[in-house]
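Here is protein06.cif, consisting of mmCIF, C-alpha atoms:
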```cif
data_coords
loop_
_atom_site.label_atom_id
_atom_site.label_comp_id
_atom_site.auth_asym_id
_atom_site.auth_seq_id
_atom_site.Cartn_x
_atom_site.Cartn_y
_atom_site.Cartn_z
CA MET A 1 27.32 -61.78 -17.59
CA GLY A 2 25.82 -62.97 -14.33
CA ILE A 3 23.59 -60.78 -12.19
CA ILE A 4 22.08 -60.96 -8.72
CA LEU A 5 19.10 -58.71 -8.08
CA PHE A 6 17.19 -58.46 -4.82
CA PHE A 7 13.54 -59.09 -5.62
CA ASP A 8 13.88 -62.17 -3.42
CA ASP A 9 16.62 -64.27 -1.78
CA TRP A 10 16.82 -66.97 -4.44
CA LYS A 11 20.50 -66.28 -5.16
CA ILE A 12 21.35 -65.30 -1.58
CA LEU A 13 22.75 -67.73 0.99
CA SER A 14 22.30 -65.44 3.99
CA ARG A 15 21.76 -61.83 5.00
CA THR A 16 21.85 -60.17 8.41
CA GLY A 17 21.05 -56.57 9.25
CA MET A 18 19.88 -56.03 5.64
CA GLU A 19 16.27 -55.12 4.94
CA ARG A 20 14.61 -55.52 1.53
CA LYS A 21 13.09 -52.31 0.20
CA GLN A 22 10.96 -51.56 -2.83
CA GLY A 23 12.11 -48.82 -5.19
CA ASN A 24 10.55 -45.38 -5.07
CA PRO A 25 10.25 -43.89 -8.57
CA CYS A 26 10.10 -40.09 -8.44
CA MET A 27 7.94 -38.05 -10.79
CA GLU A 28 9.84 -35.67 -13.08
CA GLU A 29 7.73 -32.54 -12.67
CA ASP A 30 8.97 -30.96 -15.93
CA SER A 31 7.87 -34.02 -17.94
CA VAL A 32 4.13 -33.37 -17.68
CA PHE A 33 2.47 -33.13 -21.10
CA GLU A 34 -1.16 -32.12 -20.72
CA ASP A 35 -3.85 -33.05 -23.18
CA GLU A 36 -7.27 -31.49 -23.34
CA LYS A 37 -9.10 -34.30 -25.19
CA THR A 38 -8.46 -37.34 -23.12
CA GLU A 39 -8.51 -38.81 -19.64
CA GLY A 40 -5.92 -40.96 -17.95
CA ALA A 41 -7.95 -44.13 -18.31
CA TRP A 42 -7.36 -44.07 -22.10
CA ASN A 43 -3.98 -42.39 -22.54
CA TYR A 44 -1.42 -45.27 -22.28
CA PRO A 45 1.79 -43.73 -23.70
CA VAL A 46 4.56 -45.84 -25.22
CA VAL A 47 7.99 -44.18 -25.31
CA TRP A 48 11.21 -45.16 -27.03
CA LYS A 49 14.50 -43.55 -27.98
CA ASP A 50 15.62 -43.26 -31.59
CA THR A 51 19.37 -43.58 -31.03
CA GLU A 52 20.21 -42.87 -34.68
CA LYS A 53 18.47 -39.48 -34.63
CA ASN A 54 19.01 -38.93 -30.90
CA LYS A 55 15.32 -38.18 -30.42
CA TRP A 56 12.68 -39.45 -28.04
CA LEU A 57 9.36 -40.55 -29.50
CA ALA A 58 6.01 -41.32 -27.92
CA ILE A 59 2.55 -42.37 -29.02
CA TYR A 60 -0.41 -41.92 -26.74
CA GLY A 61 -4.18 -42.16 -27.03
CA GLN A 62 -6.78 -39.43 -27.04
CA ALA A 63 -10.32 -40.37 -26.08
CA LEU A 64 -13.23 -38.74 -27.90
CA PRO A 65 -16.86 -39.03 -26.69
CA PHE A 66 -18.91 -41.61 -28.57
CA ALA A 67 -22.06 -42.40 -26.60
CA TYR A 68 -23.29 -42.34 -23.03
CA ASP A 69 -23.87 -45.81 -21.62
CA GLU A 70 -26.84 -45.61 -19.25
CA LYS A 71 -26.22 -49.06 -17.79
CA ALA A 72 -22.49 -48.49 -17.21
CA GLY A 73 -23.06 -44.94 -16.01
CA PHE A 74 -20.28 -43.31 -18.01
CA CYS A 75 -19.45 -42.11 -21.51
CA ILE A 76 -18.12 -44.70 -23.96
CA LYS A 77 -15.28 -43.21 -25.97
CA THR A 78 -13.35 -43.91 -29.14
CA VAL A 79 -9.58 -43.74 -29.13
CA GLU A 80 -7.22 -42.11 -31.61
CA PHE A 81 -3.45 -42.02 -31.34
CA TYR A 82 -1.06 -39.09 -31.58
CA ARG A 83 2.70 -38.99 -31.98
CA LEU A 84 5.03 -36.89 -29.80
CA ILE A 85 8.68 -35.95 -30.18
CA SER A 86 11.25 -34.78 -27.64
CA SER A 87 14.95 -33.99 -27.53
CA ASP A 88 15.36 -35.08 -23.91
CA GLY A 89 12.48 -37.41 -23.06
CA ILE A 90 11.04 -34.71 -20.78
CA HIS A 91 9.69 -31.86 -22.89
CA TRP A 92 7.24 -33.00 -25.57
CA LYS A 93 5.48 -31.58 -28.60
CA ARG A 94 3.14 -33.17 -31.13
CA SER A 95 4.74 -34.12 -34.42
CA SER A 96 1.35 -33.40 -36.05
CA ARG A 97 -2.01 -31.95 -35.06
CA THR A 98 -3.75 -34.88 -36.75
CA PRO A 99 -3.88 -38.41 -35.34
CA VAL A 100 -1.51 -41.06 -36.69
CA PHE A 101 -4.15 -43.76 -36.13
CA SER A 102 -7.90 -43.45 -35.65
CA ARG A 103 -11.23 -45.09 -36.51
CA LYS A 104 -10.92 -43.67 -40.03
CA ASP A 105 -8.07 -46.09 -40.73
CA GLY A 106 -8.64 -49.63 -41.92
CA ASP A 107 -10.69 -51.18 -44.68
CA ILE A 108 -14.15 -50.80 -43.13
CA GLU A 109 -15.90 -47.80 -41.65
CA ALA A 110 -15.75 -48.15 -37.89
CA THR A 111 -18.02 -46.42 -35.44
CA ARG A 112 -15.27 -46.53 -32.82
CA ILE A 113 -12.06 -48.27 -31.82
CA ASP A 114 -10.72 -49.26 -28.42
CA GLY A 115 -7.17 -50.39 -27.77
CA GLY A 116 -3.70 -49.85 -26.47
CA PRO A 117 -1.12 -49.51 -25.20
CA ILE A 118 1.09 -49.74 -28.28
CA TYR A 119 4.04 -52.14 -28.04
CA TYR A 120 7.54 -51.17 -29.21
CA ASP A 121 9.06 -54.50 -30.25
CA LEU A 122 12.83 -54.74 -29.80
CA GLN A 123 12.67 -58.38 -30.89
CA GLU A 124 11.06 -57.73 -34.29
CA SER A 125 13.41 -58.06 -37.30
CA ASP A 126 10.90 -56.58 -39.75
CA LYS A 127 11.22 -52.81 -39.34
CA ARG A 128 7.72 -52.32 -40.68
CA LYS A 129 6.35 -54.12 -37.63
CA LYS A 130 8.40 -52.51 -34.85
CA LEU A 131 5.25 -50.95 -33.41
CA LYS A 132 2.28 -53.18 -32.68
CA LEU A 133 -1.19 -52.10 -31.62
CA LEU A 134 -3.84 -54.57 -30.54
CA TYR A 135 -7.29 -53.00 -30.77
CA ARG A 136 -11.00 -53.67 -31.13
CA LEU A 137 -12.86 -52.20 -34.07
CA PHE A 138 -16.63 -51.84 -33.85
CA ASP A 139 -18.64 -51.79 -37.09
CA ALA A 140 -21.89 -49.93 -37.72
CA ASN A 141 -23.85 -52.67 -35.92
CA GLY A 142 -21.61 -52.48 -32.87
CA THR A 143 -20.01 -55.85 -33.58
CA PRO A 144 -16.40 -55.99 -32.31
CA GLN A 145 -13.53 -57.34 -34.38
CA GLU A 146 -10.04 -57.93 -33.02
CA ARG A 147 -7.27 -56.37 -35.08
CA ILE A 148 -3.57 -55.76 -34.93
CA ALA A 149 -1.87 -52.75 -36.54
CA TYR A 150 1.81 -52.47 -37.46
CA SER A 151 4.09 -49.49 -38.06
CA GLN A 152 7.78 -48.70 -38.34
CA ASP A 153 7.74 -45.24 -36.78
CA GLY A 154 4.14 -44.59 -35.81
CA LYS A 155 3.33 -42.49 -38.87
CA ILE A 156 1.96 -45.06 -41.32
CA TRP A 157 0.07 -48.18 -40.19
CA THR A 158 -1.09 -51.42 -41.77
CA THR A 159 -3.80 -53.52 -40.18
CA GLU A 160 -4.71 -57.19 -40.07
CA ILE A 161 -7.63 -59.11 -38.62
CA LEU A 162 -6.68 -61.14 -35.56
CA LYS A 163 -8.41 -64.46 -36.15
CA GLY A 164 -10.04 -66.37 -33.33
CA LYS A 165 -12.82 -66.00 -30.81
CA ASN A 166 -10.90 -63.97 -28.26
CA ILE A 167 -12.15 -60.53 -27.31
CA PHE A 168 -9.39 -58.48 -25.71
CA HIS A 169 -10.52 -55.72 -23.42
CA SER A 170 -8.47 -52.53 -23.29
CA PRO A 171 -5.80 -52.33 -21.95
CA ALA A 172 -4.38 -55.30 -23.84
CA SER A 173 -0.57 -55.28 -23.78
CA ILE A 174 2.04 -57.35 -25.60
CA PHE A 175 5.51 -58.61 -24.71
CA TYR A 176 7.94 -61.16 -26.10
CA ASN A 177 8.84 -64.18 -23.97
CA ARG A 178 12.46 -65.06 -24.76
CA GLU A 179 12.29 -68.51 -23.16
CA GLU A 180 9.11 -69.54 -24.95
CA LYS A 181 9.98 -67.71 -28.20
CA LYS A 182 6.41 -66.47 -28.33
CA TYR A 183 4.55 -63.23 -27.92
CA TYR A 184 2.18 -63.00 -25.00
CA ILE A 185 -0.94 -60.86 -24.96
CA SER A 186 -1.65 -59.82 -21.38
CA ASN A 187 -5.35 -59.37 -20.67
CA TRP A 188 -8.27 -60.75 -18.66
CA PHE A 189 -10.02 -64.08 -18.86
CA HIS A 190 -13.31 -62.28 -19.47
CA VAL A 191 -14.71 -58.77 -19.25
CA HIS A 192 -16.18 -59.65 -15.83
CA ASP A 193 -13.19 -61.73 -14.71
CA ARG A 194 -10.20 -59.47 -14.14
CA ARG A 195 -7.70 -62.12 -13.22
CA ILE A 196 -4.62 -61.68 -15.40
CA ALA A 197 -4.24 -64.17 -18.24
CA PHE A 198 -1.67 -64.55 -21.04
CA TYR A 199 -2.61 -65.51 -24.60
CA ALA A 200 0.40 -66.86 -26.51
CA THR A 201 1.01 -66.39 -30.23
CA LYS A 202 4.01 -66.82 -32.50
CA ASP A 203 2.88 -64.62 -35.37
CA PHE A 204 -0.48 -63.03 -34.42
CA LYS A 205 -2.15 -65.36 -36.89
CA LYS A 206 -3.26 -67.89 -34.30
CA VAL A 207 -3.74 -67.18 -30.61
CA GLU A 208 -3.53 -69.96 -28.02
CA ASP A 209 -5.95 -70.52 -25.13
CA PRO A 210 -5.33 -68.35 -22.06
CA ILE A 211 -3.10 -69.36 -19.17
CA TYR A 212 -3.67 -68.09 -15.64
CA VAL A 213 -1.03 -65.68 -14.32
CA LEU A 214 -2.08 -63.55 -11.36
CA GLN A 215 -5.02 -62.31 -9.31
CA ALA A 216 -5.81 -60.37 -6.16
CA ASP A 217 -5.33 -62.45 -3.02
CA GLY A 218 -5.89 -62.42 0.72
CA GLU A 219 -3.27 -59.75 1.35
CA ASP A 220 -5.11 -57.27 -0.87
CA ASP A 221 -8.04 -55.10 0.16
CA CYS A 222 -11.44 -56.65 -0.44
CA VAL A 223 -12.28 -54.11 -3.19
CA ALA A 224 -8.91 -54.50 -4.95
CA GLU A 225 -8.72 -56.23 -8.33
CA THR A 226 -5.88 -56.87 -10.75
CA TYR A 227 -6.58 -54.75 -13.82
CA ALA A 228 -3.56 -55.02 -16.12
CA LEU A 229 -0.07 -56.50 -16.10
CA LEU A 230 2.39 -54.80 -18.41
CA VAL A 231 5.57 -56.85 -18.79
CA PHE A 232 9.09 -55.74 -19.73
CA PRO A 233 12.26 -57.86 -20.05
CA TYR A 234 14.97 -56.54 -17.72
CA GLU A 235 18.40 -58.19 -17.57
CA ASN A 236 17.62 -61.91 -17.11
CA ILE A 237 14.15 -61.50 -15.59
CA TYR A 238 10.79 -59.92 -16.42
CA ILE A 239 9.40 -56.85 -14.69
CA GLY A 240 5.64 -56.57 -14.29
CA LEU A 241 3.83 -53.28 -13.73
CA LEU A 242 0.64 -54.52 -12.08
CA TRP A 243 -2.24 -52.08 -12.19
CA MET A 244 -4.42 -52.52 -9.11
CA PHE A 245 -7.97 -51.21 -9.29
CA HIS A 246 -9.53 -50.18 -5.98
CA GLY A 247 -13.28 -50.08 -6.53
CA ASP A 248 -15.86 -47.80 -5.00
CA THR A 249 -17.55 -49.78 -2.22
CA LYS A 250 -20.85 -48.05 -3.00
CA GLU A 251 -20.89 -49.31 -6.59
CA ILE A 252 -22.81 -52.59 -6.56
CA LYS A 253 -22.31 -53.99 -10.05
CA VAL A 254 -21.02 -57.14 -11.73
CA ASN A 255 -18.19 -55.10 -13.20
CA ARG A 256 -17.09 -52.18 -11.05
CA LEU A 257 -15.79 -49.23 -13.02
CA LYS A 258 -15.51 -46.40 -10.55
CA GLY A 259 -12.60 -46.18 -8.16
CA TYR A 260 -8.89 -45.49 -8.49
CA MET A 261 -5.79 -47.13 -9.96
CA ASP A 262 -2.27 -47.48 -8.62
CA CYS A 263 0.59 -49.81 -9.53
CA GLN A 264 2.34 -52.66 -7.73
CA LEU A 265 5.59 -54.38 -8.70
CA ALA A 266 5.71 -57.97 -9.95
CA TYR A 267 8.53 -60.06 -11.39
CA SER A 268 9.16 -63.40 -13.08
CA TYR A 269 12.13 -65.57 -14.00
CA ASN A 270 10.42 -67.24 -16.95
CA GLY A 271 7.87 -64.68 -18.15
CA LYS A 272 4.92 -66.86 -17.10
CA ASN A 273 4.97 -67.30 -13.33
CA PHE A 274 4.74 -63.89 -11.68
CA GLN A 275 4.82 -62.90 -8.05
CA ARG A 276 4.77 -59.62 -6.20
CA VAL A 277 7.65 -58.21 -4.17
CA PHE A 278 5.27 -56.46 -1.78
CA HIS A 279 1.50 -56.06 -1.67
CA LYS A 280 1.76 -52.29 -1.68
CA PRO A 281 2.03 -49.58 -4.34
CA PHE A 282 5.25 -49.31 -6.30
CA ILE A 283 4.03 -46.22 -8.14
CA THR A 284 1.61 -44.41 -5.89
CA ARG A 285 -0.99 -41.79 -6.62
CA ASN A 286 0.08 -38.20 -6.35
CA ARG A 287 -1.53 -35.90 -3.82
CA ARG A 288 -5.06 -34.78 -4.60
CA GLY A 289 -5.44 -32.02 -7.16
CA LYS A 290 -2.19 -32.95 -8.90
CA HIS A 291 -1.71 -35.05 -12.02
CA ALA A 292 -2.04 -38.74 -11.06
CA GLY A 293 -3.80 -37.66 -7.87
CA GLY A 294 -6.84 -39.68 -8.95
CA SER A 295 -5.29 -42.61 -10.82
CA VAL A 296 -1.95 -43.53 -12.34
CA PHE A 297 -1.34 -45.87 -15.31
CA PRO A 298 2.37 -46.72 -15.89
CA THR A 299 2.81 -48.12 -19.40
CA SER A 300 6.42 -47.85 -20.60
CA ILE A 301 9.86 -48.62 -19.17
CA VAL A 302 13.02 -47.26 -20.79
CA VAL A 303 16.53 -48.09 -19.54
CA ASN A 304 18.77 -45.10 -20.26
CA ASP A 305 22.41 -45.48 -19.17
CA ASP A 306 22.42 -45.42 -15.35
CA GLU A 307 18.74 -44.54 -14.97
CA ILE A 308 15.36 -46.15 -15.51
CA PHE A 309 12.51 -44.05 -16.85
CA ILE A 310 8.90 -45.14 -16.34
CA TYR A 311 6.37 -43.29 -18.47
CA ALA A 312 2.75 -43.14 -17.39
CA SER A 313 -0.57 -41.46 -17.87
CA GLY A 314 -2.82 -40.35 -15.11
CA SER A 315 -5.75 -38.22 -14.07
CA LYS A 316 -6.52 -35.78 -11.32
CA GLY A 317 -9.89 -37.38 -10.71
CA GLU A 318 -10.78 -41.00 -10.07
CA MET A 319 -11.75 -43.31 -12.91
CA PHE A 320 -14.87 -42.48 -14.94
CA LYS A 321 -16.11 -39.95 -12.36
CA TYR A 322 -14.98 -36.68 -13.95
CA GLN A 323 -15.05 -37.35 -17.66
CA GLU A 324 -15.69 -33.73 -18.56
CA GLU A 325 -12.54 -32.57 -16.80
CA CYS A 326 -9.42 -31.85 -18.87
CA ASP A 327 -7.26 -33.63 -16.33
CA ALA A 328 -5.12 -36.13 -18.23
CA ALA A 329 -1.39 -35.98 -18.84
CA LEU A 330 1.68 -37.94 -19.86
CA PHE A 331 4.59 -37.83 -17.42
CA ARG A 332 7.76 -39.64 -16.36
CA TYR A 333 9.15 -41.24 -13.23
CA ASN A 334 12.91 -41.50 -12.65
CA MET A 335 14.68 -44.30 -10.83
CA ARG A 336 18.21 -45.55 -10.29
CA LYS A 337 19.43 -48.44 -12.45
CA ASP A 338 18.36 -51.74 -10.81
CA GLY A 339 16.23 -49.65 -8.43
CA PHE A 340 13.14 -51.87 -8.47
CA ALA A 341 14.18 -53.64 -5.25
CA TYR A 342 17.28 -53.43 -3.06
CA LEU A 343 18.78 -54.28 0.33
CA THR A 344 19.55 -51.55 2.84
CA SER A 345 21.48 -51.44 6.11
CA TYR A 346 20.81 -48.76 8.69
CA THR A 347 23.94 -49.55 10.74
CA THR A 348 26.03 -52.52 9.58
CA GLY A 349 24.63 -55.38 7.54
CA GLU A 350 26.03 -58.34 5.65
CA VAL A 351 24.93 -60.41 2.68
CA CYS A 352 26.47 -63.62 1.35
CA THR A 353 25.66 -65.00 -2.09
CA LYS A 354 25.06 -68.60 -2.98
CA ALA A 355 28.05 -70.39 -4.47
CA VAL A 356 29.33 -68.81 -7.70
CA LYS A 357 31.97 -69.70 -10.23
CA PHE A 358 33.80 -66.90 -12.09
CA TYR A 359 34.72 -67.48 -15.74
CA GLY A 360 36.16 -63.98 -16.32
CA GLY A 361 37.49 -60.95 -14.53
CA ASN A 362 34.48 -58.61 -14.55
CA PHE A 363 32.96 -57.95 -11.15
CA ASN A 364 31.06 -54.89 -9.94
CA LEU A 365 28.38 -53.80 -7.50
CA ASN A 366 25.60 -51.24 -7.72
CA ILE A 367 26.15 -49.54 -4.36
CA CYS A 368 24.82 -46.38 -2.73
CA ALA A 369 26.77 -45.64 0.44
CA PRO A 370 27.89 -41.97 0.18
CA TYR A 371 28.24 -41.77 3.98
CA GLY A 372 29.00 -45.41 4.63
CA VAL A 373 31.62 -48.12 4.42
CA VAL A 374 31.64 -51.09 2.02
CA LYS A 375 33.73 -54.24 2.41
CA VAL A 376 33.91 -57.28 0.12
CA GLN A 377 35.58 -60.59 0.78
CA ILE A 378 35.68 -63.89 -1.09
CA LEU A 379 35.23 -67.23 0.66
CA ASN A 380 36.32 -70.60 -0.68
CA GLU A 381 34.05 -73.61 -1.10
CA ASP A 382 34.47 -74.44 2.60
CA GLY A 383 33.42 -70.94 3.69
CA LYS A 384 36.95 -69.81 4.63
CA ILE A 385 38.35 -66.44 3.58
CA ILE A 386 40.66 -66.67 0.57
CA GLU A 387 44.04 -65.21 1.46
CA GLY A 388 44.45 -61.70 0.06
CA MET A 389 40.70 -61.16 -0.48
CA SER A 390 39.46 -60.29 3.01
CA TYR A 391 37.34 -57.41 4.30
CA GLU A 392 40.37 -55.69 5.81
CA GLU A 393 42.14 -55.65 2.44
CA CYS A 394 39.12 -54.18 0.61
CA THR A 395 37.65 -51.48 2.88
CA CYS A 396 36.22 -48.55 0.90
CA LYS A 397 34.31 -45.47 2.03
CA SER A 398 31.87 -43.07 0.37
CA ILE A 399 30.78 -45.26 -2.54
CA ASP A 400 27.85 -44.21 -4.76
CA SER A 401 28.19 -45.96 -8.11
CA VAL A 402 26.14 -48.31 -10.30
CA GLU A 403 29.37 -50.09 -11.33
CA TRP A 404 31.83 -50.12 -8.46
CA SER A 405 34.56 -52.75 -8.83
CA PRO A 406 36.09 -53.92 -5.51
CA THR A 407 39.88 -54.21 -5.28
CA TRP A 408 42.11 -55.75 -2.64
CA ASN A 409 45.32 -53.99 -1.59
CA GLY A 410 47.33 -57.19 -1.68
CA GLY A 411 47.06 -57.26 -5.48
CA LYS A 412 44.83 -60.28 -5.75
CA ASN A 413 41.86 -60.04 -8.14
CA ILE A 414 38.99 -62.04 -9.61
CA GLU A 415 41.20 -63.56 -12.32
CA ASP A 416 43.02 -65.41 -9.52
CA ILE A 417 39.89 -67.35 -8.54
CA LYS A 418 38.52 -68.23 -11.98
CA ASN A 419 36.83 -71.65 -12.19
CA GLN A 420 36.80 -72.00 -8.41
CA VAL A 421 33.61 -72.42 -6.38
CA VAL A 422 33.46 -69.37 -4.11
CA PHE A 423 31.06 -67.24 -2.07
CA ILE A 424 30.87 -63.44 -2.26
CA GLU A 425 30.39 -61.78 1.12
CA ILE A 426 29.59 -58.06 1.37
CA GLU A 427 29.44 -55.87 4.48
CA ILE A 428 27.74 -52.48 4.22
CA SER A 429 27.50 -49.78 6.87
CA ASN A 430 24.81 -47.15 6.23
CA GLY A 431 24.25 -48.01 2.61
CA GLU A 432 22.25 -49.84 -0.02
CA ILE A 433 23.05 -52.55 -2.56
CA TYR A 434 21.04 -52.86 -5.78
CA ALA A 435 22.82 -55.50 -7.84
CA ILE A 436 25.89 -57.71 -8.16
CA ARG A 437 27.21 -58.22 -11.70
CA GLY A 438 30.13 -60.12 -13.09
CA ASP A 439 31.51 -62.92 -15.22
CA PHE A 440 30.02 -65.61 -12.98
CA ASP A 441 27.33 -68.25 -12.77
CA VAL A 442 25.32 -68.70 -9.61
CA LEU A 443 25.58 -72.41 -8.93
CA GLY A 444 22.69 -72.87 -6.53
CA ALA A 445 20.30 -70.83 -8.68
CA ASN A 446 21.21 -72.07 -12.13
CA TYR A 447 21.89 -75.72 -11.28
CA ILE A 448 25.34 -75.71 -12.84
CA LYS A 449 27.38 -78.77 -11.96
CA LEU A 450 30.36 -78.21 -9.70
CA GLU A 451 32.63 -80.53 -11.67
#
```
Render the structure in this file as structure tokens.
Amino acid sequence: MGIILFFDDWKILSRTGMERKQGNPCMEEDSVFEDEKTEGAWNYPVVWKDTEKNKWLAIYGQALPFAYDEKAGFCIKTVEFYRLISSDGIHWKRSSRTPVFSRKDGDIEATRIDGGPIYYDLQESDKRKKLKLLYRLFDANGTPQERIAYSQDGKIWTTEILKGKNIFHSPASIFYNREEKKYYISNWFHVHDRRIAFYATKDFKKVEDPIYVLQADGEDDCVAETYALLVFPYENIYIGLLWMFHGDTKEIKVNRLKGYMDCQLAYSYNGKNFQRVFHKPFITRNRRGKHAGGSVFPTSIVVNDDEIFIYASGSKGEMFKYQEECDAALFRYNMRKDGFAYLTSYTTGEVCTKAVKFYGGNFNLNICAPYGVVKVQILNEDGKIIEGMSYEECTCKSIDSVEWSPTWNGGKNIEDIKNQVVFIEIEISNGEIYAIRGDFDVLGANYIKLE
């Protein structure tokens, strides 16, 4: 199945009267799960759906005071993880009052642990390792040791030492790169160097040297730094939730800690080279006094039928400033399928794809034009309208569907143009287009020979 999304114009030949917009995830107010023992800077929920039991599950971190760091100016905490259950992915309750993972686990007595978010691995064939947690364990002397913990359902965990000299600062996230057939650990180069780096590994036995991925640039505010990049495969690309830390200008330190966090949108075609759609928040802070009014930390994306759910933690206060406040919570943002980026027309706009070749009859658009008009026509290799597949023969009104299949009143359909080089042209009045899907290959984008 081919797909054209609108993060950029790579698969687009031309567009007029169509403006690119970034999605606007909306917070589900009923989804807020408050926790009295943590703060948003440590929460990091992972959420997944157990389709067999038709239940939603989540694991998030609580942060317990460990020691006050005079030099840093805030309280160092130890993390322990709790498991939640829900029937709808909105209303949550703890499956147990005791943590499923804490510093008491493992084969040595730890003074504290620091880690997360947990990774739910759809790629993993070993059910016992579906959940993966990368964390640092500190012994009685304060010496850190990198570890990875595995679990099938979040209840029982096994741990292994992660060999090597790397020290991964929380948050350290994991994703699987399909093209490279490797896992990538997304983290920093160094505790004082917050540029995003990936550390590749095939089996978590040996970790490769870091590769540079992303950093703040000239379009960002001077005090802005990249803080974390959480990556999720989506269709044939990779979505990146880029946490942007905006430091307090009055804090003169090597490693700023006080400020606030929001989230920008990044994407990649190969899981290594990432770029941003816009240099502005994708998930913004809430208004002051509300959850996520201080900082927001999106950590989990779940595709559920025609919607996308983004789960996050957050705090009412800014980072590390109000550690005594019980202001942390887990919550959810809702968004339309393919809603990360889209094209919109305020009057009448038109978009034409690069050359495509259909190999089957499936063809549909994700369109929102409840008070508009949508027209689709197919052009031949020379840019001329194919008889029977013109705008006039396809005019449709009031379309709001994630899978709308155009038809032409002359009876011609996609099967009639299989294996031909064609262009798809779409005219939209007062509407939005989110994706084009079908049994096609995009010739210009995928370098498929025309012969």
Shell of 6 Å around range 81-98 of chain A, all atoms listed in the file, local chain residues under 6 positions omitted, as a list in words: Ser31, Lys55, Trp56, Leu57, Ala58, Ile59, Tyr60 and Gly61 of chain A
Can you spell out as a VMD selection string the set of residues that the PyMOL selection byres ((chain A and resi 17) around 6) selects in the structure I just provided? chain A and resid 16 18 349
Result set, the PyMOL selection byres ((chain A and resi 391) around 8) on current file, as a ChimeraX atom specification: /A:375-377,389-390,392-395
I'd like the residues picked by the PyMOL selection byres ((chain A and resi 295) around 9) written out as an MDAnalysis selection string, using the chain letters and numbers from the file. chainID A and resid 40:41 259:262 284:286 291:294 296:297 313:319
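For the choices A:Asp306, A:Lys290, A:Phe66, A:Gln215, the atom-to-atom distance to Asp327 in chain A is smallest for A:Lys290 when using only C-alpha atoms.
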